[in-house]
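Engineer: Below is the structure I would like to discuss, written out as structure tokens.
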Amino acid sequence: MPEIDPYEYLNIRIDPDGTVTRLLNLPPANANPDLNSGEAVFSKDAILSEEKNTAVRIYLPSNIITKHAAAAAAAGVNEKMRLPIVFHFHGCSWVQFRANCTILHASRSLFAFTIPAIVILVDYRLSPENRLPAPYEDATDALLWLQKQALDPQGEKWLKDYGDFSRCYLHGSGCGGNIAFNAALRSLDMDLSPLKIDGIILNQPLFGGRRRTKSEMKFIADQVASLPAMDLMWELALPEGADRDHPFCNPMADGPHKSKLRSLQRCLLFGFGRDPLVDRQQEFVQMLILHGVKVEACFDDSGFHRVDIVDPQRAAMLDEIAKGFIDS
């Protein structure tokens with residue numbers, strides 16, 4: 001194996017108390033809730049849990065407000081047009097980024113405008129300070145928060161005025177795809193009425209296992225997801241004492257979660273042929289299909305892990321495919 005420093009890959013330093021110093025400090029992006037600002041997409045923050053220090057950032061495309069006004073003028077009534085609601089769980093190795101990161105803010109704004117949809121970006125807790133299943137718990141907290149807004153006459157106004165609570169989606173990239181999948185499984189045991197989760201969208205989801213796959217060995221020194229870096233991120237994220245065949249890491253391994261798969265919502269998955277994770281993603285798709293899940297799998301041989309971050313055209317293509325999935 002080539003000499004690779006996984007800590008340098010992940011831009012972290014482990015401190016003596018077991019916490020992490022994050023060396024990748026991107027400037028934060030402020031939310032803009034002013035509907036008169038002229039921006040294409042408005043945004044605002046809301047607290048999920050003060051105790052857990054979790055929050056959400058809500059994105060509302062401005063074009064829906066214009067369409068509402070035009071429809072009301074034409075019909076002579078104040079009938080609301082409503083948008084799907086898409087939860088997003090960000091990637092970056094379980095250990096990096098908060099919801100106000102500039103990269104996340106820009107990409108979720110563009111996604112909200114493209115679909116169009118109300119996007120709820122979940123600011124979940126990071127590892128190793130909060131190991132799995134903490135991010136899954138934060139995801140279910142976000143679902144319950146949205147349910148509360150739907151049931152409360154004084155709930156979050158953007159959601160009440162413009163959101164379609166019967167068309168909710170769970171969307172995640174990288175480890176965020178892992179969170180979206182596990183949140184979908186957990187939702188099957190929850191009474192979320194009037195919410196309805198209509199589908200899950202997994203962009204190059206992060207899974208692992210004790211057995212090395214051919215793609216992991218072929219792309220062992222990948223610039224984005226090298227094998228030593230993936231080993232370290234799982235070491236930091238999994239519960240103490242768990243190995244890589246724990247269901248949080250390897251959903252293809254046996255476990256009680258498999259009994260729920262037949263009830264899982266329809267799924268859209270993106271993967272790329274030069275991603276070290278692609279073999280596991282293909283195994284994951286096969287597992288879902290064998291359990292009767294309706295899956296739309298889009299694999300592109302030419303891309304690499306998180307190519308959409310550095311290639312705007314590829315990112316736009318993924319958003320357009322997601323738009324078709326949501327619209328269908």
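By order of appearance in the structure tokens: chains A, B, ..., then residues from 1 within every chain, and ligands from 1 in the order shown.
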Write out as a PyMOL selection string the set of residues from range 62-237 of chain A that DSSP, computed on the backbone, places in alpha helix (DSSP H).

Structural biologist: chain A and resi 63-75+102-114+134-151+157-162+175-187+214-218+227-237

Engineer: Skip range 243-251 of chain A itself and residues of its chain fewer than 4 positions away, then list as a VMD selection string all residues within 10 Å of it, counting only C-alpha atoms.

Structural biologist: chain A and resid 132 to 133 136 175 178 to 179 181 to 182 206 to 211 231 234 to 235 237 to 239 255 to 258 280 283 to 284 287

Engineer: Report the residues of range 88-201 of chain A whose backbone DSSP state falls under strand (DSSP E or B), written as a ChimeraX atom specification.

Structural biologist: /A:88-89,101,118-123,163-173,197-201

Engineer: Choose the residue, out of A:Pro128, A:Pro33, A:Pro194, A:Gly155, that has the smallest atom-to-atom separation from Ile12 in chain A; count only C-alpha atoms.

Structural biologist: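 Looking at the shortest contact to Ile12 in chain A, the residue is A:Pro128.
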
Engineer: For the interface of range 184-216 of chain A with range 163-166 of chain A (cut-off 9 Å, counting only C-alpha atoms), please tabulate each contacting residue of range 184-216 of chain A alongside its nearest pair of atoms and their separation in Å to one decimal, rows sorted by chain and increasing number, as CSV.

Structural biologist:
residue,atom,partner,partner_atom,distance
A:Ser193,CA,A:Ser166,CA,8.8
A:Pro194,CA,A:Phe165,CA,6.5
A:Leu195,CA,A:Phe165,CA,4.9
A:Lys196,CA,A:Ser166,CA,4.6
A:Ile197,CA,A:Ser166,CA,7.2
A:Asp198,CA,A:Ser166,CA,7.7

Engineer: CA of Arg98 in chain A and CA of Ala221 in chain A, how far apart in Å?

Structural biologist: 26.7 Å

Engineer: For a quick check of understanding, using only C-alpha atoms, which of A:Phe325, A:Phe299, A:Phe272, A:Tyr9 has the smallest distance to Cys92 in chain A?

Structural biologist: A:Tyr9

Engineer: Which is closest to Ile115 in chain A among A:Ala99, A:Val86, A:Gln313, A:Glu129, if we use only C-alpha atoms?

Structural biologist: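 Of all the options, A:Val86 lies closest to Ile115 in chain A.
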
Engineer: Check the smallest atom-to-atom distance from each of A:Leu277, A:Leu23, A:Met190, A:Ala139 to Val56 in chain A using only C-alpha atoms, then report the winner.

Structural biologist: A:Ala139

Engineer: Excluding same-chain residues fewer than 6 positions from Gly271 in chain A, what lies within 8 Å of it counting only C-alpha atoms, as a list in words?

Structural biologist: Asn203, Gln204, Val278, Gln281, Ala297, Cys298, Phe299 and Asp300 of chain A

Engineer: Show me, as a list in words, the residues that have an atom within 12 Å of Ala315 in chain A when counting only C-alpha atoms, minus same-chain residues fewer than 3 positions from it.

Structural biologist: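 Neighbouring residues, sequence-local ones excluded: Ala106, Ser107, Arg108, Leu110, Phe111, Thr114, Ser173, Asn203, Phe270, Gly303, Arg306, Val307, Asp308, Ile309, Val310, Asp311, Pro312, Leu318, Asp319, Glu320, Ile321 and Ala322 of chain A.
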
Engineer: Could the residues in this selection be written to a file with N, CA and C atoms, as a PDB file, in the first residue's frame?

Structural biologist:
ATOM      1  N   ALA A 106     -24.088  26.934  -1.116  1.00  0.00           N
ATOM      2  CA  ALA A 106     -24.237  27.210  -2.550  1.00  0.00           C
ATOM      3  C   ALA A 106     -24.903  26.042  -3.271  1.00  0.00           C
ATOM      4  N   SER A 107     -24.477  24.806  -2.959  1.00  0.00           N
ATOM      5  CA  SER A 107     -25.024  23.649  -3.676  1.00  0.00           C
ATOM      6  C   SER A 107     -26.487  23.416  -3.329  1.00  0.00           C
ATOM      7  N   ARG A 108     -26.866  23.634  -2.065  1.00  0.00           N
ATOM      8  CA  ARG A 108     -28.267  23.406  -1.685  1.00  0.00           C
ATOM      9  C   ARG A 108     -29.161  24.517  -2.219  1.00  0.00           C
ATOM     10  N   LEU A 110     -28.687  26.019  -5.117  1.00  0.00           N
ATOM     11  CA  LEU A 110     -28.879  25.676  -6.520  1.00  0.00           C
ATOM     12  C   LEU A 110     -29.842  24.503  -6.668  1.00  0.00           C
ATOM     13  N   PHE A 111     -29.726  23.500  -5.803  1.00  0.00           N
ATOM     14  CA  PHE A 111     -30.621  22.348  -5.851  1.00  0.00           C
ATOM     15  C   PHE A 111     -32.065  22.789  -5.609  1.00  0.00           C
ATOM     16  N   THR A 114     -33.348  24.470  -8.741  1.00  0.00           N
ATOM     17  CA  THR A 114     -33.454  23.582  -9.904  1.00  0.00           C
ATOM     18  C   THR A 114     -34.668  22.680  -9.820  1.00  0.00           C
ATOM     19  N   SER A 173     -25.351  12.754   0.342  1.00  0.00           N
ATOM     20  CA  SER A 173     -24.151  12.504  -0.457  1.00  0.00           C
ATOM     21  C   SER A 173     -23.060  11.914   0.424  1.00  0.00           C
ATOM     22  N   ASN A 203     -26.538   9.883  -3.290  1.00  0.00           N
ATOM     23  CA  ASN A 203     -25.478  10.293  -4.203  1.00  0.00           C
ATOM     24  C   ASN A 203     -24.157   9.716  -3.710  1.00  0.00           C
ATOM     25  N   PHE A 270     -26.871   7.332  -7.305  1.00  0.00           N
ATOM     26  CA  PHE A 270     -25.819   7.715  -8.246  1.00  0.00           C
ATOM     27  C   PHE A 270     -24.499   7.060  -7.836  1.00  0.00           C
ATOM     28  N   GLY A 303     -16.770   8.958 -14.011  1.00  0.00           N
ATOM     29  CA  GLY A 303     -16.620   9.859 -12.872  1.00  0.00           C
ATOM     30  C   GLY A 303     -15.882   9.239 -11.701  1.00  0.00           C
ATOM     31  N   ARG A 306     -17.343  11.963  -5.593  1.00  0.00           N
ATOM     32  CA  ARG A 306     -17.743  13.362  -5.405  1.00  0.00           C
ATOM     33  C   ARG A 306     -17.246  14.262  -6.524  1.00  0.00           C
ATOM     34  N   VAL A 307     -17.276  13.731  -7.736  1.00  0.00           N
ATOM     35  CA  VAL A 307     -16.917  14.518  -8.910  1.00  0.00           C
ATOM     36  C   VAL A 307     -17.813  15.736  -9.039  1.00  0.00           C
ATOM     37  N   ASP A 308     -19.050  15.633  -8.533  1.00  0.00           N
ATOM     38  CA  ASP A 308     -20.003  16.727  -8.647  1.00  0.00           C
ATOM     39  C   ASP A 308     -19.575  17.971  -7.873  1.00  0.00           C
ATOM     40  N   ILE A 309     -18.653  17.835  -6.915  1.00  0.00           N
ATOM     41  CA  ILE A 309     -18.177  19.005  -6.171  1.00  0.00           C
ATOM     42  C   ILE A 309     -17.292  19.885  -7.048  1.00  0.00           C
ATOM     43  N   VAL A 310     -16.523  19.271  -7.944  1.00  0.00           N
ATOM     44  CA  VAL A 310     -15.543  20.024  -8.749  1.00  0.00           C
ATOM     45  C   VAL A 310     -15.990  20.194 -10.197  1.00  0.00           C
ATOM     46  N   ASP A 311     -17.066  19.546 -10.601  1.00  0.00           N
ATOM     47  CA  ASP A 311     -17.537  19.597 -11.989  1.00  0.00           C
ATOM     48  C   ASP A 311     -18.975  20.114 -12.012  1.00  0.00           C
ATOM     49  N   PRO A 312     -19.179  21.420 -12.250  1.00  0.00           N
ATOM     50  CA  PRO A 312     -20.529  21.983 -12.220  1.00  0.00           C
ATOM     51  C   PRO A 312     -21.483  21.332 -13.219  1.00  0.00           C
ATOM     52  N   LEU A 318     -26.770  15.645 -12.260  1.00  0.00           N
ATOM     53  CA  LEU A 318     -27.335  14.900 -11.139  1.00  0.00           C
ATOM     54  C   LEU A 318     -28.602  15.572 -10.613  1.00  0.00           C
ATOM     55  N   ASP A 319     -28.584  16.894 -10.542  1.00  0.00           N
ATOM     56  CA  ASP A 319     -29.762  17.612 -10.062  1.00  0.00           C
ATOM     57  C   ASP A 319     -30.944  17.431 -11.012  1.00  0.00           C
ATOM     58  N   GLU A 320     -30.672  17.406 -12.317  1.00  0.00           N
ATOM     59  CA  GLU A 320     -31.758  17.220 -13.280  1.00  0.00           C
ATOM     60  C   GLU A 320     -32.356  15.816 -13.178  1.00  0.00           C
ATOM     61  N   ILE A 321     -31.501  14.813 -12.957  1.00  0.00           N
ATOM     62  CA  ILE A 321     -32.014  13.447 -12.776  1.00  0.00           C
ATOM     63  C   ILE A 321     -32.841  13.367 -11.497  1.00  0.00           C
ATOM     64  N   ALA A 322     -32.347  14.026 -10.429  1.00  0.00           N
ATOM     65  CA  ALA A 322     -33.110  14.049  -9.171  1.00  0.00           C
ATOM     66  C   ALA A 322     -34.445  14.754  -9.373  1.00  0.00           C
TER      67      ALA A 322
END

Engineer: Identify, on the basis of only C-alpha atoms, every residue whose closest approach to Gln96 in chain A does not exceed 10 Å; exclude the query and any residue fewer than 4 positions from it along the same chain; express the result as a ChimeraX atom specification.

Structural biologist: /A:10-12,20,22-25,90-92,101,125-127

Engineer: Go ahead and write the residues just picked, all heavy atoms, as an mmCIF file, in the first residue's frame.

Structural biologist:
data_model
loop_
_atom_site.group_PDB
_atom_site.id
_atom_site.type_symbol
_atom_site.label_atom_id
_atom_site.label_comp_id
_atom_site.auth_asym_id
_atom_site.auth_seq_id
_atom_site.Cartn_x
_atom_site.Cartn_y
_atom_site.Cartn_z
ATOM 1 N N LEU A 10 -7.919 13.690 5.624
ATOM 2 C CA LEU A 10 -9.168 14.160 6.228
ATOM 3 C C LEU A 10 -9.045 15.556 6.835
ATOM 4 O O LEU A 10 -10.038 16.099 7.322
ATOM 5 C CB LEU A 10 -9.620 13.176 7.308
ATOM 6 C CG LEU A 10 -9.934 11.754 6.844
ATOM 7 C CD1 LEU A 10 -10.435 10.912 8.018
ATOM 8 C CD2 LEU A 10 -10.956 11.737 5.720
ATOM 9 N N ASN A 11 -7.836 16.114 6.800
ATOM 10 C CA ASN A 11 -7.602 17.450 7.344
ATOM 11 C C ASN A 11 -8.006 17.547 8.815
ATOM 12 O O ASN A 11 -8.725 18.460 9.225
ATOM 13 C CB ASN A 11 -8.356 18.510 6.528
ATOM 14 C CG ASN A 11 -7.761 18.737 5.171
ATOM 15 O OD1 ASN A 11 -6.688 19.346 5.053
ATOM 16 N ND2 ASN A 11 -8.418 18.243 4.135
ATOM 17 N N ILE A 12 -7.521 16.590 9.609
ATOM 18 C CA ILE A 12 -7.846 16.571 11.024
ATOM 19 C C ILE A 12 -6.595 16.248 11.844
ATOM 20 O O ILE A 12 -5.627 15.699 11.327
ATOM 21 C CB ILE A 12 -8.946 15.545 11.365
ATOM 22 C CG1 ILE A 12 -8.509 14.121 10.981
ATOM 23 C CG2 ILE A 12 -10.261 15.908 10.700
ATOM 24 C CD1 ILE A 12 -9.473 13.038 11.437
ATOM 25 N N VAL A 20 -11.395 16.039 17.993
ATOM 26 C CA VAL A 20 -10.686 16.306 16.739
ATOM 27 C C VAL A 20 -10.531 17.802 16.544
ATOM 28 O O VAL A 20 -11.474 18.573 16.786
ATOM 29 C CB VAL A 20 -11.468 15.692 15.554
ATOM 30 C CG1 VAL A 20 -11.030 16.297 14.238
ATOM 31 C CG2 VAL A 20 -11.264 14.189 15.503
ATOM 32 N N ARG A 22 -10.256 20.252 13.587
ATOM 33 C CA ARG A 22 -10.548 20.254 12.151
ATOM 34 C C ARG A 22 -9.750 21.372 11.493
ATOM 35 O O ARG A 22 -9.950 22.546 11.804
ATOM 36 C CB ARG A 22 -12.056 20.389 11.939
ATOM 37 C CG ARG A 22 -12.802 19.164 12.455
ATOM 38 C CD ARG A 22 -14.305 19.353 12.602
ATOM 39 N NE ARG A 22 -14.900 18.084 13.002
ATOM 40 C CZ ARG A 22 -15.042 17.688 14.274
ATOM 41 N NH1 ARG A 22 -14.623 18.476 15.251
ATOM 42 N NH2 ARG A 22 -15.581 16.522 14.553
ATOM 43 N N LEU A 23 -8.872 20.985 10.589
ATOM 44 C CA LEU A 23 -7.923 21.916 9.996
ATOM 45 C C LEU A 23 -8.443 22.550 8.718
ATOM 46 O O LEU A 23 -7.822 23.478 8.189
ATOM 47 C CB LEU A 23 -6.600 21.189 9.721
ATOM 48 C CG LEU A 23 -5.974 20.499 10.945
ATOM 49 C CD1 LEU A 23 -4.756 19.688 10.528
ATOM 50 C CD2 LEU A 23 -5.620 21.505 12.017
ATOM 51 N N LEU A 24 -9.562 22.041 8.210
ATOM 52 C CA LEU A 24 -10.158 22.600 6.991
ATOM 53 C C LEU A 24 -11.232 23.598 7.408
ATOM 54 O O LEU A 24 -12.365 23.233 7.725
ATOM 55 C CB LEU A 24 -10.765 21.482 6.141
ATOM 56 C CG LEU A 24 -11.367 21.885 4.798
ATOM 57 C CD1 LEU A 24 -10.303 22.491 3.888
ATOM 58 C CD2 LEU A 24 -12.016 20.682 4.118
ATOM 59 N N ASN A 25 -10.858 24.863 7.440
ATOM 60 C CA ASN A 25 -11.756 25.906 7.930
ATOM 61 C C ASN A 25 -12.258 26.747 6.763
ATOM 62 O O ASN A 25 -11.573 27.667 6.297
ATOM 63 C CB ASN A 25 -11.036 26.784 8.954
ATOM 64 C CG ASN A 25 -10.665 26.014 10.200
ATOM 65 O OD1 ASN A 25 -11.497 25.291 10.752
ATOM 66 N ND2 ASN A 25 -9.422 26.151 10.646
ATOM 67 N N HIS A 90 -25.367 16.124 4.434
ATOM 68 C CA HIS A 90 -24.129 16.371 3.685
ATOM 69 C C HIS A 90 -23.106 15.266 3.891
ATOM 70 O O HIS A 90 -23.181 14.483 4.834
ATOM 71 C CB HIS A 90 -23.539 17.729 4.078
ATOM 72 C CG HIS A 90 -23.012 17.788 5.488
ATOM 73 N ND1 HIS A 90 -21.792 17.287 5.851
ATOM 74 C CD2 HIS A 90 -23.549 18.306 6.616
ATOM 75 C CE1 HIS A 90 -21.582 17.496 7.135
ATOM 76 N NE2 HIS A 90 -22.634 18.101 7.636
ATOM 77 N N GLY A 91 -22.132 15.222 2.982
ATOM 78 C CA GLY A 91 -21.035 14.283 3.088
ATOM 79 C C GLY A 91 -19.829 14.910 3.755
ATOM 80 O O GLY A 91 -19.923 15.928 4.431
ATOM 81 N N CYS A 92 -18.695 14.305 3.588
ATOM 82 C CA CYS A 92 -17.371 14.707 4.062
ATOM 83 C C CYS A 92 -16.951 13.921 5.291
ATOM 84 O O CYS A 92 -16.632 14.490 6.332
ATOM 85 C CB CYS A 92 -17.231 16.201 4.292
ATOM 86 S SG CYS A 92 -15.486 16.700 4.130
ATOM 87 N N CYS A 101 -21.543 25.925 5.970
ATOM 88 C CA CYS A 101 -20.370 25.891 5.094
ATOM 89 C C CYS A 101 -20.723 26.482 3.730
ATOM 90 O O CYS A 101 -21.792 26.216 3.171
ATOM 91 C CB CYS A 101 -19.898 24.448 4.957
ATOM 92 S SG CYS A 101 -18.768 24.145 3.601
ATOM 93 N N ARG A 125 -24.672 16.076 14.176
ATOM 94 C CA ARG A 125 -23.458 16.007 14.986
ATOM 95 C C ARG A 125 -22.367 15.199 14.265
ATOM 96 O O ARG A 125 -22.667 14.253 13.540
ATOM 97 C CB ARG A 125 -23.769 15.378 16.343
ATOM 98 C CG ARG A 125 -24.608 16.262 17.251
ATOM 99 C CD ARG A 125 -25.085 15.502 18.467
ATOM 100 N NE ARG A 125 -26.099 14.513 18.111
ATOM 101 C CZ ARG A 125 -26.579 13.597 18.956
ATOM 102 N NH1 ARG A 125 -26.109 13.527 20.189
ATOM 103 N NH2 ARG A 125 -27.515 12.755 18.554
ATOM 104 N N LEU A 126 -21.122 15.590 14.511
ATOM 105 C CA LEU A 126 -19.982 14.993 13.819
ATOM 106 C C LEU A 126 -19.245 14.009 14.721
ATOM 107 O O LEU A 126 -19.290 14.091 15.946
ATOM 108 C CB LEU A 126 -19.018 16.085 13.355
ATOM 109 C CG LEU A 126 -19.596 17.152 12.410
ATOM 110 C CD1 LEU A 126 -18.525 18.183 12.082
ATOM 111 C CD2 LEU A 126 -20.152 16.533 11.137
ATOM 112 N N SER A 127 -18.526 13.086 14.072
ATOM 113 C CA SER A 127 -17.652 12.142 14.765
ATOM 114 C C SER A 127 -16.259 12.778 14.886
ATOM 115 O O SER A 127 -15.905 13.674 14.115
ATOM 116 C CB SER A 127 -17.556 10.842 13.974
ATOM 117 O OG SER A 127 -18.804 10.195 13.922
#
